[in-house]
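Chemist: Here it is: the structure, laid out below.
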Amino acid sequence: MNCPTALTIAGSDSGGGAGIQADLRTFALNCVHGMSAITCVTAQNTIGVQRVDALPPEAVSAQIESVVSDMGVQGVKTGMMLNSGIIQGVKSAIEAYQLEERLVVDPVMVSRSGAQLLDDTAIEQLKQLIPLACLVTPNRYEAQLLSGIEIKTIDDMKRAAETIYTYGVKAVLVKGGAMLGENRGVDVWFDGETFDLLKTKSVETKNNHGTGCTLSASIAAKIALGKDLKTAVVESKNYVTRALESALDLGEGNGPLGHFFPLLEK
Ligand SMILES: Nc1ncnc2c1ncn2[C@@H]1O[C@H](COP(=O)(O)OP(=O)(O)OP(=O)(O)O)[C@@H](O)[C@H]1O
Ligand SMILES: Cc1ncc(COP(=O)(O)O)c(N)n1
């Protein structure tokens with residue numbers, strides 16, 4: 001039986017809410033065979049990140065090479081990459097295996113709980129990876145850092161998307177989970193020609209750990225399934241909204257999404 005494959009290049013979250021664990025659940029729900037290149041191991045729960053251990057960059061590159069050379073990859077996303085050595089290795093592998101057309105970069109910098117997930121010195125490397133991707137998905141904070149624009153309004157999100165687009169990436173999705181009031185949960189899409197506001201409903205929950213990871217993993221899975229980028233983004237945005245509505249009340253802090261809600265509804 002043939003099965004599309006997707007690869008996540010990201011960190012492990014011991015609490016299972018974000019990172020590799022959220023990505024693999026999202027791939028599975030899309031009936032895509034999930035593969036992983038783990039960049040670092042976090043000791044993490046719903047309250048915070050207690051410890052981070054990086055893998056050597058060569059270990060990350062070796063994982064990518066193993067799966068791409070043998071099994072093929074139809075969709076790929078990057079998440080937490082922690083340091084510049086890892087990002088450089090990932091960039092070389094993406095170029096060597098020509099994965100650019102199917103690459104989604106989630107420029108993870110800070111966790112929901114406020115922990116730093118990217119070294120200060122690594123942002124320049126991340127800026128060099130972004131032009132390779134078909135889509136980059138910064139949240140409000142990441143978009144501010146990447147564009148140098150302070151974001152308070154939808155117009156600010158649009159201006160930030162335009163600036164980030166000039167890096168050379170095919171499309172930008174500025175995510176609005178951290179926007180306030182009626183703008184919370186409104187995402188801005190820009191592909192160089194068209195702006196689009198992606199709106200679902202704003203979900204009232206503290207259990208929102210891993211929304212960005214889940215969104216980018218879902219987009220990568222749908223690319224692997226052969227969907228066009230915009231369709232992949234719109235369907236994934238709807239999926240995250242439903243998974244937020246079914247989020248799990250686990251732990252004292254921000255619980256994980258209910259990734260498997262469609263299975264529970266049957
Ligand atoms: N309360 C909410 N209601 C509806 N949609 C939301 C809400 N919070 C986040 N989202 C959506 O979730 C997706 C991820 O956005 P967000 O801004 O939370 O990314 P993120 O900060 O990278 O996520 P994380 O770091 O938690 O993985 C976006 O599509 C966003 O609109
Ligand atoms: C391994 C890993 N990857 C990504 C995130 C970001 O997710 P969040 O902002 O929900 O904490 C995280 N906390 N941990």
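Each chain in the structure tokens gets a letter, A, B and so on, in the order shown; residues start at 1 in every chain, and ligands are counted from 1 in the order they appear.
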Collect all residues with atoms no farther than 6 Å from ligand 2, counting only C-alpha atoms and all ligand atoms, and output them as a PyMOL selection string.
Modeler: chain A and resi 11-13+18-19+80+111-113+209-211
Chemist: Kindly save the residues from that selection, with C-alpha atoms included, as a PDB file, in the first residue's frame.
Modeler:
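Contents of again-v7.pdb, freshly written:
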```pdb
ATOM      1  CA  GLY A  11      12.111  19.253  19.531  1.00  0.00           C
ATOM      2  CA  SER A  12      10.643  16.604  21.799  1.00  0.00           C
ATOM      3  CA  ASP A  13       8.093  17.782  24.394  1.00  0.00           C
ATOM      4  CA  ALA A  18       3.822  20.507  21.382  1.00  0.00           C
ATOM      5  CA  GLY A  19       6.868  19.583  19.288  1.00  0.00           C
ATOM      6  CA  MET A  80      12.056  24.151  17.554  1.00  0.00           C
ATOM      7  CA  SER A 111       7.204  28.673  24.421  1.00  0.00           C
ATOM      8  CA  ARG A 112       3.650  29.411  25.517  1.00  0.00           C
ATOM      9  CA  SER A 113       4.993  29.396  29.075  1.00  0.00           C
ATOM     10  CA  HIS A 209      -0.256  24.426  24.207  1.00  0.00           C
ATOM     11  CA  GLY A 210       1.003  23.384  20.763  1.00  0.00           C
ATOM     12  CA  THR A 211      -1.393  25.303  18.504  1.00  0.00           C
TER      13      THR A 211
END
```
Chemist: What residues have any atom no more than 6 Å from ligand 1 when counting only C-alpha atoms and all ligand atoms, and can you list them as number ranges by chain?
Modeler: A: 111-112, 139, 175-178, 185-187, 201-204, 209-213, 215, 237, 240-241
Chemist: Those residues you just picked out, can you put them in a file as an mmCIF file, in the first residue's frame with C-alpha atoms?
Modeler:
```cif
data_model
loop_
_atom_site.group_PDB
_atom_site.id
_atom_site.type_symbol
_atom_site.label_atom_id
_atom_site.label_comp_id
_atom_site.auth_asym_id
_atom_site.auth_seq_id
_atom_site.Cartn_x
_atom_site.Cartn_y
_atom_site.Cartn_z
ATOM 1 C CA SER A 111 7.204 28.673 24.421
ATOM 2 C CA ARG A 112 3.650 29.411 25.517
ATOM 3 C CA ASN A 139 3.214 34.069 15.643
ATOM 4 C CA LYS A 175 -0.720 33.813 13.275
ATOM 5 C CA GLY A 176 -3.033 35.700 15.584
ATOM 6 C CA GLY A 177 -3.320 33.471 18.653
ATOM 7 C CA ALA A 178 -1.658 36.158 20.776
ATOM 8 C CA GLY A 185 -7.332 33.845 16.339
ATOM 9 C CA VAL A 186 -7.301 35.919 13.123
ATOM 10 C CA ASP A 187 -4.382 34.897 10.885
ATOM 11 C CA LYS A 201 -14.072 31.518 16.024
ATOM 12 C CA SER A 202 -11.982 32.658 18.965
ATOM 13 C CA VAL A 203 -11.926 29.740 21.415
ATOM 14 C CA GLU A 204 -11.996 30.525 25.144
ATOM 15 C CA HIS A 209 -0.256 24.426 24.207
ATOM 16 C CA GLY A 210 1.003 23.384 20.763
ATOM 17 C CA THR A 211 -1.393 25.303 18.504
ATOM 18 C CA GLY A 212 1.410 26.573 16.251
ATOM 19 C CA CYS A 213 3.143 23.179 16.043
ATOM 20 C CA LEU A 215 -0.988 24.106 12.521
ATOM 21 C CA LYS A 237 -6.672 26.516 10.486
ATOM 22 C CA VAL A 240 -6.734 23.736 14.958
ATOM 23 C CA THR A 241 -9.919 25.579 15.933
#
```
Chemist: Using only C-alpha atoms, which residues sit within 10 Å of Lys222 in chain A once same-chain residues fewer than 3 positions away are excluded, as a list of chain:residue names?
Modeler: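 Skipping anything fewer than 3 positions along the chain leaves A:Pro4, A:Ala6, A:Phe27, A:Asn30, A:Cys31, A:Val32, A:Gln74, A:Gly75, A:Ser216, A:Ala217, A:Ser218, A:Ile219, A:Leu225, A:Gly226, A:Lys227, A:Asp228, A:Leu229, A:Thr231, A:Ala232, A:Val233, A:Glu235, A:Ser236.
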Chemist: Between CA of Ala133 in chain A and CA of Ile38 in chain A, what is the distance, to one decimal in Å?
Modeler: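 Value for the CA of Ala133 in chain A-CA of Ile38 in chain A distance: 19.3 Å.
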Chemist: Write down as an MDAnalysis selection string the residues of range 17-165 of chain A whose backbone DSSP state falls under strand (DSSP E).
Modeler: chainID A and resid 33:44 49:54 75:78 103:105 135:136
Chemist: Have a look at A:Glu193, A:Lys170, A:Leu7, A:Gln63 and name the one nearest to Ala28 in chain A; count only C-alpha atoms.
Modeler: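 Of all the options, A:Leu7 lies closest to Ala28 in chain A.
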Chemist: Write down as JSON, numbers by chain the residues belonging to range 41-239 of chain A that are assigned alpha helix (DSSP H) by DSSP computed on the backbone.
Modeler: {"A": [57, 58, 59, 60, 61, 62, 63, 64, 65, 66, 67, 68, 69, 70, 71, 84, 85, 86, 87, 88, 89, 90, 91, 92, 93, 94, 95, 96, 123, 124, 125, 126, 127, 128, 129, 140, 141, 142, 143, 144, 145, 146, 147, 154, 155, 156, 157, 158, 159, 160, 161, 162, 163, 164, 165, 211, 212, 213, 214, 215, 216, 217, 218, 219, 220, 221, 222, 223, 224, 229, 230, 231, 232, 233, 234, 235, 236, 237, 238, 239]}
Chemist: Distance table requested - range 169-224 of chain A against range 143-160 of chain A, cut-off 12 Å, only C-alpha atoms: one row per qualifying residue with the closest atom pair and its distance in Å to one decimal, ordered by chain and rising residue number, as a Markdown table.
Modeler:
```
| residue | atom | partner | partner_atom | distance |
| --- | --- | --- | --- | --- |
| A:Val172 | CA | A:Ala160 | CA | 9.4 |
| A:Leu173 | CA | A:Met157 | CA | 9.4 |
| A:Val174 | CA | A:Met157 | CA | 6.5 |
| A:Lys175 | CA | A:Ala143 | CA | 8.6 |
| A:Gly176 | CA | A:Met157 | CA | 8.5 |
| A:Ala178 | CA | A:Lys152 | CA | 10.0 |
| A:Met179 | CA | A:Lys152 | CA | 7.3 |
| A:Leu180 | CA | A:Lys152 | CA | 8.2 |
| A:Gly181 | CA | A:Thr153 | CA | 10.4 |
| A:Glu182 | CA | A:Thr153 | CA | 10.4 |
| A:Asn183 | CA | A:Ile154 | CA | 7.3 |
| A:Arg184 | CA | A:Ile154 | CA | 10.1 |
| A:Gly185 | CA | A:Ile154 | CA | 11.2 |
| A:Val186 | CA | A:Ile154 | CA | 8.3 |
| A:Asp187 | CA | A:Met157 | CA | 8.4 |
| A:Val188 | CA | A:Lys158 | CA | 6.5 |
| A:Trp189 | CA | A:Lys158 | CA | 8.1 |
| A:Phe190 | CA | A:Lys158 | CA | 7.6 |
| A:Asp191 | CA | A:Lys158 | CA | 11.1 |
| A:Gly192 | CA | A:Lys158 | CA | 11.2 |
| A:Thr194 | CA | A:Lys158 | CA | 10.5 |
| A:Phe195 | CA | A:Lys158 | CA | 7.5 |
| A:Asp196 | CA | A:Lys158 | CA | 9.3 |
| A:Leu197 | CA | A:Ile154 | CA | 8.8 |
| A:Leu198 | CA | A:Ile154 | CA | 11.3 |
| A:Lys199 | CA | A:Ile154 | CA | 11.8 |
```
Chemist: Store the residues of this selection in a file with N, CA and C atoms, as an mmCIF file, in the first residue's frame.
Modeler:
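Saved as out.cif:
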```
data_model
loop_
_atom_site.group_PDB
_atom_site.id
_atom_site.type_symbol
_atom_site.label_atom_id
_atom_site.label_comp_id
_atom_site.auth_asym_id
_atom_site.auth_seq_id
_atom_site.Cartn_x
_atom_site.Cartn_y
_atom_site.Cartn_z
ATOM 1 N N VAL A 172 3.512 33.847 3.457
ATOM 2 C CA VAL A 172 3.674 34.111 4.892
ATOM 3 C C VAL A 172 2.309 33.988 5.560
ATOM 4 N N LEU A 173 2.269 33.329 6.712
ATOM 5 C CA LEU A 173 1.049 33.310 7.524
ATOM 6 C C LEU A 173 1.420 33.848 8.907
ATOM 7 N N VAL A 174 0.972 35.083 9.197
ATOM 8 C CA VAL A 174 1.201 35.643 10.540
ATOM 9 C C VAL A 174 0.024 35.203 11.407
ATOM 10 N N LYS A 175 0.334 34.428 12.461
ATOM 11 C CA LYS A 175 -0.720 33.813 13.275
ATOM 12 C C LYS A 175 -1.180 34.769 14.385
ATOM 13 N N GLY A 176 -2.464 34.717 14.656
ATOM 14 C CA GLY A 176 -3.033 35.700 15.584
ATOM 15 C C GLY A 176 -3.473 35.158 16.928
ATOM 16 N N ALA A 178 -2.025 35.253 19.682
ATOM 17 C CA ALA A 178 -1.658 36.158 20.776
ATOM 18 C C ALA A 178 -2.183 37.577 20.552
ATOM 19 N N MET A 179 -3.051 37.748 19.553
ATOM 20 C CA MET A 179 -3.666 39.070 19.368
ATOM 21 C C MET A 179 -4.776 39.241 20.411
ATOM 22 N N LEU A 180 -5.189 40.473 20.628
ATOM 23 C CA LEU A 180 -6.158 40.727 21.695
ATOM 24 C C LEU A 180 -7.542 41.029 21.124
ATOM 25 N N GLY A 181 -8.547 40.828 21.970
ATOM 26 C CA GLY A 181 -9.930 41.179 21.617
ATOM 27 C C GLY A 181 -10.421 40.419 20.408
ATOM 28 N N GLU A 182 -11.122 41.139 19.529
ATOM 29 C CA GLU A 182 -11.758 40.464 18.383
ATOM 30 C C GLU A 182 -10.733 39.947 17.365
ATOM 31 N N ASN A 183 -9.476 40.377 17.508
ATOM 32 C CA ASN A 183 -8.436 39.915 16.564
ATOM 33 C C ASN A 183 -7.777 38.605 16.992
ATOM 34 N N ARG A 184 -8.120 38.109 18.192
ATOM 35 C CA ARG A 184 -7.486 36.860 18.621
ATOM 36 C C ARG A 184 -7.942 35.711 17.719
ATOM 37 N N GLY A 185 -6.994 34.982 17.202
ATOM 38 C CA GLY A 185 -7.332 33.845 16.339
ATOM 39 C C GLY A 185 -7.517 34.242 14.879
ATOM 40 N N VAL A 186 -7.250 35.504 14.543
ATOM 41 C CA VAL A 186 -7.301 35.919 13.123
ATOM 42 C C VAL A 186 -5.875 35.827 12.572
ATOM 43 N N ASP A 187 -5.702 35.055 11.505
ATOM 44 C CA ASP A 187 -4.382 34.897 10.885
ATOM 45 C C ASP A 187 -4.340 35.684 9.573
ATOM 46 N N VAL A 188 -3.162 36.227 9.251
ATOM 47 C CA VAL A 188 -3.002 36.992 8.004
ATOM 48 C C VAL A 188 -2.130 36.214 7.026
ATOM 49 N N TRP A 189 -2.688 35.944 5.860
ATOM 50 C CA TRP A 189 -1.977 35.249 4.766
ATOM 51 C C TRP A 189 -1.510 36.272 3.746
ATOM 52 N N PHE A 190 -0.278 36.139 3.284
ATOM 53 C CA PHE A 190 0.197 36.992 2.179
ATOM 54 C C PHE A 190 1.102 36.166 1.277
ATOM 55 N N ASP A 191 0.784 36.173 -0.024
ATOM 56 C CA ASP A 191 1.574 35.370 -0.972
ATOM 57 C C ASP A 191 2.274 36.236 -2.010
ATOM 58 N N GLY A 192 2.443 37.510 -1.686
ATOM 59 C CA GLY A 192 3.110 38.405 -2.632
ATOM 60 C C GLY A 192 2.123 39.170 -3.482
ATOM 61 N N THR A 194 -1.785 38.583 -2.805
ATOM 62 C CA THR A 194 -3.065 38.680 -2.110
ATOM 63 C C THR A 194 -2.896 38.572 -0.600
ATOM 64 N N PHE A 195 -3.611 39.449 0.112
ATOM 65 C CA PHE A 195 -3.765 39.277 1.559
ATOM 66 C C PHE A 195 -5.076 38.552 1.802
ATOM 67 N N ASP A 196 -5.085 37.711 2.802
ATOM 68 C CA ASP A 196 -6.345 37.067 3.181
ATOM 69 C C ASP A 196 -6.395 37.004 4.694
ATOM 70 N N LEU A 197 -7.553 37.324 5.264
ATOM 71 C CA LEU A 197 -7.704 37.168 6.711
ATOM 72 C C LEU A 197 -8.389 35.840 6.967
ATOM 73 N N LEU A 198 -7.717 34.954 7.692
ATOM 74 C CA LEU A 198 -8.310 33.655 7.998
ATOM 75 C C LEU A 198 -8.924 33.742 9.386
ATOM 76 N N LYS A 199 -10.248 33.668 9.409
ATOM 77 C CA LYS A 199 -10.957 33.818 10.684
ATOM 78 C C LYS A 199 -11.766 32.570 10.959
#
```
Chemist: Could you check the closest approach to Ile9 in chain A for each of A:Asn45, A:Ser66, A:Ser61, A:Thr166 and tell me which residue wins, using only C-alpha atoms?
Modeler: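 Using only C-alpha atoms, Ile9 in chain A sits closest to A:Ser61.
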Chemist: Which one of A:Gln128, A:Thr205, A:Asp119, A:Val169 sits closest to Asp249 in chain A if you count only C-alpha atoms?
Modeler: A:Thr205
Chemist: For Thr5 in chain A, please output as JSON, numbers by chain all residues within 8 Å (counting only C-alpha atoms; exclusion window: fewer than 3 positions along the same chain).
Modeler: {"A": [32, 33, 34, 35, 71, 72, 73, 74, 75, 221, 224]}
